[in-house]
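Shown below: protein-v2.pdb, with PDB, C-alpha atoms, pLDDT in the B column.
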ATOM      1  CA  GLY A   1      67.223 112.830 113.872  1.00 71.00           C
ATOM      2  CA  PHE A   2      64.895 110.960 111.517  1.00 71.00           C
ATOM      3  CA  ILE A   3      65.576 107.213 111.597  1.00 74.00           C
ATOM      4  CA  TYR A   4      64.182 104.371 109.509  1.00 74.00           C
ATOM      5  CA  LYS A   5      64.909 100.676 109.000  1.00 71.00           C
ATOM      6  CA  LYS A   6      64.383 100.216 105.259  1.00 68.00           C
ATOM      7  CA  LEU A   7      63.740 102.027 102.025  1.00 73.00           C
ATOM      8  CA  GLY A   8      60.681 101.078 100.047  1.00 67.00           C
ATOM      9  CA  SER A   9      58.982 102.009  96.814  1.00 61.00           C
ATOM     10  CA  SER A  10      55.544 103.166  95.818  1.00 56.00           C
ATOM     11  CA  GLU A  11      53.632 101.118  93.248  1.00 58.00           C
ATOM     12  CA  ALA A  12      50.901 103.766  93.117  1.00 50.00           C
ATOM     13  CA  PHE A  13      53.328 106.483  92.059  1.00 49.00           C
ATOM     14  CA  LYS A  14      55.632 104.146  90.058  1.00 54.00           C
ATOM     15  CA  ILE A  15      58.581 105.171  92.219  1.00 55.00           C
ATOM     16  CA  ASN A  16      61.543 102.829  92.431  1.00 59.00           C
ATOM     17  CA  SER A  17      63.146 102.115  95.746  1.00 72.00           C
ATOM     18  CA  ILE A  18      65.400 104.959  96.819  1.00 73.00           C
ATOM     19  CA  ALA A  19      68.191 102.416  97.127  1.00 77.00           C
ATOM     20  CA  GLU A  20      67.970 101.742  93.384  1.00 79.00           C
ATOM     21  CA  ARG A  21      68.023 105.386  92.335  1.00 79.00           C
ATOM     22  CA  LYS A  22      71.059 107.037  90.792  1.00 86.00           C
ATOM     23  CA  MET A  23      73.675 108.493  93.128  1.00 89.00           C
ATOM     24  CA  SER A  24      73.106 111.956  91.641  1.00 91.00           C
ATOM     25  CA  TRP A  25      69.453 111.851  92.783  1.00 87.00           C
ATOM     26  CA  ILE A  26      70.461 110.681  96.278  1.00 88.00           C
ATOM     27  CA  GLU A  27      73.176 113.354  96.498  1.00 91.00           C
ATOM     28  CA  ASN A  28      70.722 116.100  95.472  1.00 91.00           C
ATOM     29  CA  TRP A  29      68.240 114.814  98.030  1.00 88.00           C
ATOM     30  CA  LEU A  30      70.834 114.920 100.832  1.00 91.00           C
ATOM     31  CA  GLU A  31      72.024 118.396  99.841  1.00 90.00           C
ATOM     32  CA  LYS A  32      68.548 119.839 100.338  1.00 90.00           C
ATOM     33  CA  GLU A  33      69.465 120.081 104.007  1.00 88.00           C
ATOM     34  CA  LYS A  34      70.864 123.624 104.239  1.00 88.00           C
ATOM     35  CA  ILE A  35      72.913 123.078 107.397  1.00 90.00           C
ATOM     36  CA  TYR A  36      75.180 120.054 107.232  1.00 91.00           C
ATOM     37  CA  SER A  37      74.626 117.248 109.706  1.00 92.00           C
ATOM     38  CA  PRO A  38      76.276 113.825 109.343  1.00 91.00           C
ATOM     39  CA  GLN A  39      73.243 111.986 110.777  1.00 92.00           C
ATOM     40  CA  PRO A  40      71.146 111.742 107.559  1.00 91.00           C
ATOM     41  CA  TYR A  41      74.167 110.456 105.638  1.00 93.00           C
ATOM     42  CA  GLU A  42      75.037 107.900 108.312  1.00 92.00           C
ATOM     43  CA  GLN A  43      71.417 106.745 108.600  1.00 91.00           C
ATOM     44  CA  LEU A  44      71.045 106.303 104.842  1.00 91.00           C
ATOM     45  CA  SER A  45      74.406 104.547 104.608  1.00 92.00           C
ATOM     46  CA  LYS A  46      73.452 102.153 107.410  1.00 91.00           C
ATOM     47  CA  VAL A  47      70.144 101.225 105.752  1.00 90.00           C
ATOM     48  CA  LEU A  48      71.712 100.866 102.294  1.00 90.00           C
ATOM     49  CA  ARG A  49      74.414  98.592 103.718  1.00 90.00           C
ATOM     50  CA  LYS A  50      71.789  96.375 105.387  1.00 89.00           C
ATOM     51  CA  MET A  51      69.890  96.177 102.086  1.00 87.00           C
ATOM     52  CA  GLY A  52      73.038  94.967 100.295  1.00 88.00           C
ATOM     53  CA  PHE A  53      73.996  98.233  98.573  1.00 89.00           C
ATOM     54  CA  VAL A  54      77.487  98.380 100.097  1.00 91.00           C
ATOM     55  CA  SER A  55      79.049 100.438  97.310  1.00 92.00           C
ATOM     56  CA  LYS A  56      76.316 103.071  97.524  1.00 93.00           C
ATOM     57  CA  ALA A  57      76.587 103.083 101.311  1.00 93.00           C
ATOM     58  CA  ASN A  58      80.316 103.834 101.036  1.00 93.00           C
ATOM     59  CA  LYS A  59      79.664 106.585  98.497  1.00 95.00           C
ATOM     60  CA  ILE A  60      77.148 108.173 100.877  1.00 95.00           C
ATOM     61  CA  LEU A  61      79.715 108.220 103.696  1.00 93.00           C
ATOM     62  CA  PHE A  62      82.258 109.700 101.281  1.00 94.00           C
ATOM     63  CA  LEU A  63      79.756 112.413 100.289  1.00 95.00           C
ATOM     64  CA  ALA A  64      79.187 113.222 103.960  1.00 95.00           C
ATOM     65  CA  LYS A  65      82.900 113.765 104.525  1.00 94.00           C
ATOM     66  CA  GLU A  66      83.158 115.838 101.346  1.00 95.00           C
ATOM     67  CA  ARG A  67      80.362 118.075 102.566  1.00 95.00           C
ATOM     68  CA  GLU A  68      82.014 118.340 105.975  1.00 94.00           C
ATOM     69  CA  ARG A  69      85.312 119.295 104.315  1.00 95.00           C
ATOM     70  CA  LYS A  70      83.550 121.887 102.150  1.00 94.00           C
ATOM     71  CA  ASN A  71      82.315 123.612 105.310  1.00 92.00           C
ATOM     72  CA  ALA A  72      85.537 123.186 107.306  1.00 94.00           C
ATOM     73  CA  ARG A  73      88.202 125.841 107.848  1.00 96.00           C
ATOM     74  CA  GLY A  74      91.809 125.902 108.997  1.00 96.00           C
ATOM     75  CA  LEU A  75      93.267 122.764 110.544  1.00 93.00           C
ATOM     76  CA  ASP A  76      89.965 120.898 110.278  1.00 91.00           C
ATOM     77  CA  TRP A  77      89.990 121.462 106.516  1.00 95.00           C
ATOM     78  CA  LEU A  78      93.639 120.387 106.289  1.00 92.00           C
ATOM     79  CA  TRP A  79      93.011 117.205 108.297  1.00 86.00           C
ATOM     80  CA  LEU A  80      89.981 116.282 106.179  1.00 89.00           C
ATOM     81  CA  THR A  81      91.948 116.984 102.988  1.00 92.00           C
ATOM     82  CA  LEU A  82      94.742 114.660 104.124  1.00 87.00           C
ATOM     83  CA  GLN A  83      92.170 111.977 104.954  1.00 87.00           C
ATOM     84  CA  HIS A  84      90.607 112.457 101.523  1.00 91.00           C
ATOM     85  CA  ASP A  85      93.892 112.295  99.649  1.00 91.00           C
ATOM     86  CA  PHE A  86      95.431 109.330 101.465  1.00 88.00           C
ATOM     87  CA  THR A  87      92.515 107.012 102.270  1.00 87.00           C
ATOM     88  CA  GLY A  88      89.317 108.433 100.846  1.00 89.00           C
ATOM     89  CA  TYR A  89      88.296 109.222 104.450  1.00 86.00           C
ATOM     90  CA  GLY A  90      89.120 105.668 105.529  1.00 83.00           C
ATOM     91  CA  ILE A  91      86.542 104.317 103.100  1.00 87.00           C
ATOM     92  CA  TYR A  92      88.902 103.634 100.211  1.00 88.00           C
ATOM     93  CA  LEU A  93      92.166 102.394 101.713  1.00 84.00           C
ATOM     94  CA  GLY A  94      93.295 101.434  98.209  1.00 88.00           C
ATOM     95  CA  TYR A  95      94.355 105.076  97.768  1.00 91.00           C
ATOM     96  CA  LEU A  96      97.400 104.131  99.863  1.00 90.00           C
ATOM     97  CA  LEU A  97      98.480 101.655  97.185  1.00 91.00           C
ATOM     98  CA  VAL A  98      98.389 104.416  94.589  1.00 93.00           C
ATOM     99  CA  TRP A  99     100.577 106.610  96.814  1.00 93.00           C
ATOM    100  CA  ALA A 100     103.010 103.740  97.388  1.00 92.00           C
ATOM    101  CA  PHE A 101     103.167 102.961  93.669  1.00 94.00           C
ATOM    102  CA  PHE A 102     104.010 106.539  92.711  1.00 95.00           C
ATOM    103  CA  LEU A 103     106.553 106.956  95.512  1.00 95.00           C
ATOM    104  CA  VAL A 104     108.351 103.796  94.347  1.00 94.00           C
ATOM    105  CA  LEU A 105     108.100 104.899  90.713  1.00 94.00           C
ATOM    106  CA  PHE A 106     109.669 108.288  91.519  1.00 93.00           C
ATOM    107  CA  GLY A 107     112.370 106.506  93.533  1.00 91.00           C
ATOM    108  CA  MET A 108     113.227 104.431  90.470  1.00 89.00           C
ATOM    109  CA  PHE A 109     113.309 107.651  88.427  1.00 87.00           C
ATOM    110  CA  PHE A 110     115.713 109.363  90.847  1.00 85.00           C
ATOM    111  CA  LEU A 111     118.054 106.373  90.939  1.00 84.00           C
ATOM    112  CA  SER A 112     118.060 105.981  87.183  1.00 83.00           C
ATOM    113  CA  PHE A 113     118.466 109.602  86.118  1.00 81.00           C
ATOM    114  CA  SER A 114     120.988 110.498  88.792  1.00 84.00           C
ATOM    115  CA  GLY A 115     123.147 107.514  87.823  1.00 80.00           C
ATOM    116  CA  GLN A 116     123.410 106.594  91.490  1.00 76.00           C
ATOM    117  CA  GLY A 117     121.597 103.296  91.051  1.00 74.00           C
ATOM    118  CA  VAL A 118     124.403 101.979  88.855  1.00 73.00           C
ATOM    119  CA  SER A 119     127.218 103.593  90.863  1.00 75.00           C
ATOM    120  CA  GLN A 120     125.856 102.129  94.127  1.00 76.00           C
ATOM    121  CA  LYS A 121     125.415  98.651  92.577  1.00 78.00           C
ATOM    122  CA  ILE A 122     121.632  98.782  92.806  1.00 77.00           C
ATOM    123  CA  PRO A 123     120.549  96.754  89.766  1.00 74.00           C
ATOM    124  CA  ASN A 124     116.835  97.032  90.463  1.00 76.00           C
ATOM    125  CA  GLY A 125     115.538 100.506  91.303  1.00 81.00           C
ATOM    126  CA  PHE A 126     112.049  99.180  91.980  1.00 86.00           C
ATOM    127  CA  TYR A 127     113.293  96.703  94.556  1.00 84.00           C
ATOM    128  CA  TYR A 128     115.453  99.341  96.274  1.00 86.00           C
ATOM    129  CA  SER A 129     112.658 101.938  96.279  1.00 89.00           C
ATOM    130  CA  PHE A 130     110.160  99.452  97.658  1.00 90.00           C
ATOM    131  CA  ASP A 131     112.626  98.418 100.376  1.00 87.00           C
ATOM    132  CA  MET A 132     113.119 102.065 101.390  1.00 88.00           C
ATOM    133  CA  LEU A 133     109.374 102.773 101.448  1.00 92.00           C
ATOM    134  CA  ILE A 134     108.341  99.905 103.717  1.00 87.00           C
ATOM    135  CA  PRO A 135     109.875 100.629 107.144  1.00 79.00           C
ATOM    136  CA  LEU A 136     108.668  97.487 108.902  1.00 79.00           C
ATOM    137  CA  PHE A 137     111.254  95.105 107.482  1.00 78.00           C
ATOM    138  CA  ARG A 138     114.440  95.025 105.409  1.00 77.00           C
ATOM    139  CA  LEU A 139     114.447  93.116 102.142  1.00 76.00           C
ATOM    140  CA  GLU A 140     118.133  93.530 101.309  1.00 73.00           C
ATOM    141  CA  GLU A 141     120.788  94.529 103.868  1.00 76.00           C
ATOM    142  CA  HIS A 142     123.016  96.047 101.137  1.00 70.00           C
ATOM    143  CA  HIS A 143     120.349  98.720 100.534  1.00 71.00           C
ATOM    144  CA  TYR A 144     121.021 100.148 103.988  1.00 73.00           C
ATOM    145  CA  LYS A 145     124.748 100.608 103.338  1.00 77.00           C
ATOM    146  CA  VAL A 146     124.245 102.736 100.215  1.00 77.00           C
ATOM    147  CA  THR A 147     125.356 106.383 100.314  1.00 81.00           C
ATOM    148  CA  LEU A 148     123.256 108.552  98.036  1.00 83.00           C
ATOM    149  CA  ILE A 149     123.973 112.221  97.371  1.00 85.00           C
ATOM    150  CA  GLY A 150     122.129 115.368  96.420  1.00 88.00           C
ATOM    151  CA  LEU A 151     118.450 115.457  95.581  1.00 89.00           C
ATOM    152  CA  THR A 152     118.271 111.651  95.347  1.00 87.00           C
ATOM    153  CA  LYS A 153     119.403 111.342  98.963  1.00 90.00           C
ATOM    154  CA  TYR A 154     116.747 113.799 100.141  1.00 94.00           C
ATOM    155  CA  TYR A 155     114.036 112.147  98.077  1.00 93.00           C
ATOM    156  CA  PHE A 156     114.718 108.840  99.809  1.00 91.00           C
ATOM    157  CA  TYR A 157     114.652 110.568 103.227  1.00 92.00           C
ATOM    158  CA  PHE A 158     111.252 111.954 102.235  1.00 95.00           C
ATOM    159  CA  MET A 159     110.188 108.530 100.981  1.00 93.00           C
ATOM    160  CA  LYS A 160     111.124 106.832 104.264  1.00 92.00           C
ATOM    161  CA  ALA A 161     109.120 109.418 106.192  1.00 93.00           C
ATOM    162  CA  MET A 162     106.179 108.844 103.823  1.00 93.00           C
ATOM    163  CA  GLY A 163     106.523 105.100 104.412  1.00 92.00           C
ATOM    164  CA  TYR A 164     106.049 105.596 108.143  1.00 91.00           C
ATOM    165  CA  LEU A 165     103.156 107.968 107.515  1.00 87.00           C
ATOM    166  CA  LEU A 166     101.449 105.529 105.133  1.00 88.00           C
ATOM    167  CA  ILE A 167     101.811 102.680 107.639  1.00 87.00           C
ATOM    168  CA  VAL A 168     100.281 104.822 110.424  1.00 85.00           C
ATOM    169  CA  ILE A 169      97.445 105.899 108.125  1.00 82.00           C
ATOM    170  CA  LEU A 170      96.834 102.308 107.036  1.00 83.00           C
ATOM    171  CA  ILE A 171      96.701 101.055 110.630  1.00 84.00           C
ATOM    172  CA  SER A 172      94.405 103.891 111.716  1.00 79.00           C
ATOM    173  CA  GLY A 173      92.153 103.284 108.690  1.00 76.00           C
ATOM    174  CA  ILE A 174      91.920  99.582 109.462  1.00 79.00           C
ATOM    175  CA  MET A 175      91.239 100.292 113.133  1.00 81.00           C
ATOM    176  CA  ALA A 176      88.510 102.778 112.203  1.00 72.00           C
ATOM    177  CA  LYS A 177      86.826 100.155 110.008  1.00 71.00           C
ATOM    178  CA  VAL A 178      87.095  97.506 112.732  1.00 74.00           C
ATOM    179  CA  LEU A 179      85.698  99.834 115.405  1.00 72.00           C
ATOM    180  CA  LYS A 180      82.904 101.025 113.107  1.00 66.00           C
ATOM    181  CA  LYS A 181      81.728  97.423 112.610  1.00 62.00           C
ATOM    182  CA  LYS A 182      81.348  96.901 116.384  1.00 57.00           C
TER     183      LYS A 182
END

Represent the structure of the file as structure tokens.
Amino acid sequence: GFIYKKLGSSEAFKINSIAERKMSWIENWLEKEKIYSPQPYEQLSKVLRKMGFVSKANKILFLAKERERKNARGLDWLWLTLQHDFTGYGIYLGYLLVWAFFLVLFGMFFLSFSGQGVSQKIPNGFYYSFDMLIPLFRLEEHHYKVTLIGLTKYYFYFMKAMGYLLIVILISGIMAKVLKKK
């Protein structure tokens, strides 16, 4: 429940501002609390952000979620793990781009090695894979008349489902950031 508005330094003890200390020192300091509570992490993140240390503030929030996940069990642990893996707990939405890149890359792989890209007159596996991943619009109508078979067919079913999931996660991550700023 301890709150503060800024972090200072001590000239007498030659101590730098806490905001300028290494993340490892800050992490060790936060972990001294035996029972996890998000409040110290959120308070420190808020003050660091106001002082202009946005990157450190984000890292602090990430550490808080990691500690929460470490203590979680069952469905709570699963939910936090999914948040970690897909969006870095909503802090690093760029993780979604990595997922999209690899899904498209594997789609290209399936089309190429199965020979179905050539047989279905799909000259560009990247373009087709990207079109299948993004469910909000169609880039090429021909892509939706293709009949794939075997494992390739099921991969693209999986990829379409992942596309919807990634869009939902992206929207929820953006909404969480917008609501957090208010």

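Between Ile91 (chain A) and the candidates A:Ile18, A:Ile134, A:Glu140, A:Ala57, the tightest atom-to-atom separation, counting only C-alpha atoms, involves A:Ala57.
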
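Distances from A:Glu20, A:Glu42, A:Asp85, A:Glu66 to Trp99 (chain A) were compared using all atoms listed in the file, and the smallest one belongs to A:Asp85.
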
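Candidate residues A:Leu7, A:Leu111, A:Ala64, A:Ile149 were compared for distance to Glu33 (chain A), and the nearest is A:Ala64, using only C-alpha atoms.
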
Which residues of region 39-136 of chain A have any atom within 7 Å of an atom in region 153-162 of chain A when counting all atoms listed in the file, and what is the closest pair of atoms for each, with the distance in Å to one decimal? Order the rows by chain and rising number and write it as CSV.
residue,atom,partner,partner_atom,distance
A:Leu103,CA,A:Met159,CA,6.8
A:Met132,CA,A:Lys160,CA,5.9
A:Leu133,CA,A:Lys160,CA,5.2
A:Pro135,CA,A:Lys160,CA,7.0

**Asked** Could you spell out the hits of the PyMOL selection byres ((chain A and resi 128) around 10) on the shown file, as a PyMOL selection string?
**Response** chain A and resi 104+107-108+111+117+122-127+129-133+139-140+142-144

**Message:** Give me the residues near Leu136 (chain A) as a PyMOL selection string, where near means some atom within 9 Å (using all atoms listed in the file) and where sequence neighbours in that chain fewer than 2 positions away do not count.
**Reply:** chain A and resi 134+138+164+167

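Proximity to Lys22 (chain A) was assessed for A:Ala176, A:Ile169, A:Leu96, A:Ile60 counting all atoms listed in the file; the smallest distance is recorded for A:Ile60.
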
**Prompt:** Could you name the residues that touch Ala19 (chain A) at 12 Å or less, counting all atoms listed in the file, but leaving out those on the same chain fewer than 4 positions away, as a PyMOL selection string?
**Reply:** chain A and resi 6-9+15+23+25-26+44-57+60

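Candidate residues A:Lys5, A:Glu31, A:Val178, A:Phe110 were compared for distance to Gly150 (chain A), and the nearest is A:Phe110, using all atoms listed in the file.
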
**Message:** I'd like to see the residues matched by the PyMOL selection byres ((chain A and resi 92) around 12) on this file, and ideally I'd get them as a ChimeraX atom specification.
**Reply:** /A:55,58-59,61-62,83-91,93-98,169-170,173-174,177

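Between CA of Pro38 (chain A) and CA of Phe2 (chain A) the separation is 11.9 Å.
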
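The smallest atom-to-atom distance between Lys65 (chain A) and any of A:Leu80, A:Leu105, A:Val118, A:Leu148, using all atoms listed in the file, is found for A:Leu80.
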
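Separating CA of Lys121 (chain A) from CA of Leu166 (chain A) is a distance of 27.9 Å.
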
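Atom pair CA of Ala100 (chain A) / CA of Gly163 (chain A) has a distance of 8.0 Å (rounded to one decimal).
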
**Message:** I'd like to see the residues matched by the PyMOL selection byres ((chain A and resi 1) around 8) on this file, and ideally I'd get them as a list in words.
**Reply:** Phe2, Ile3, Gln39 and Pro40 of chain A
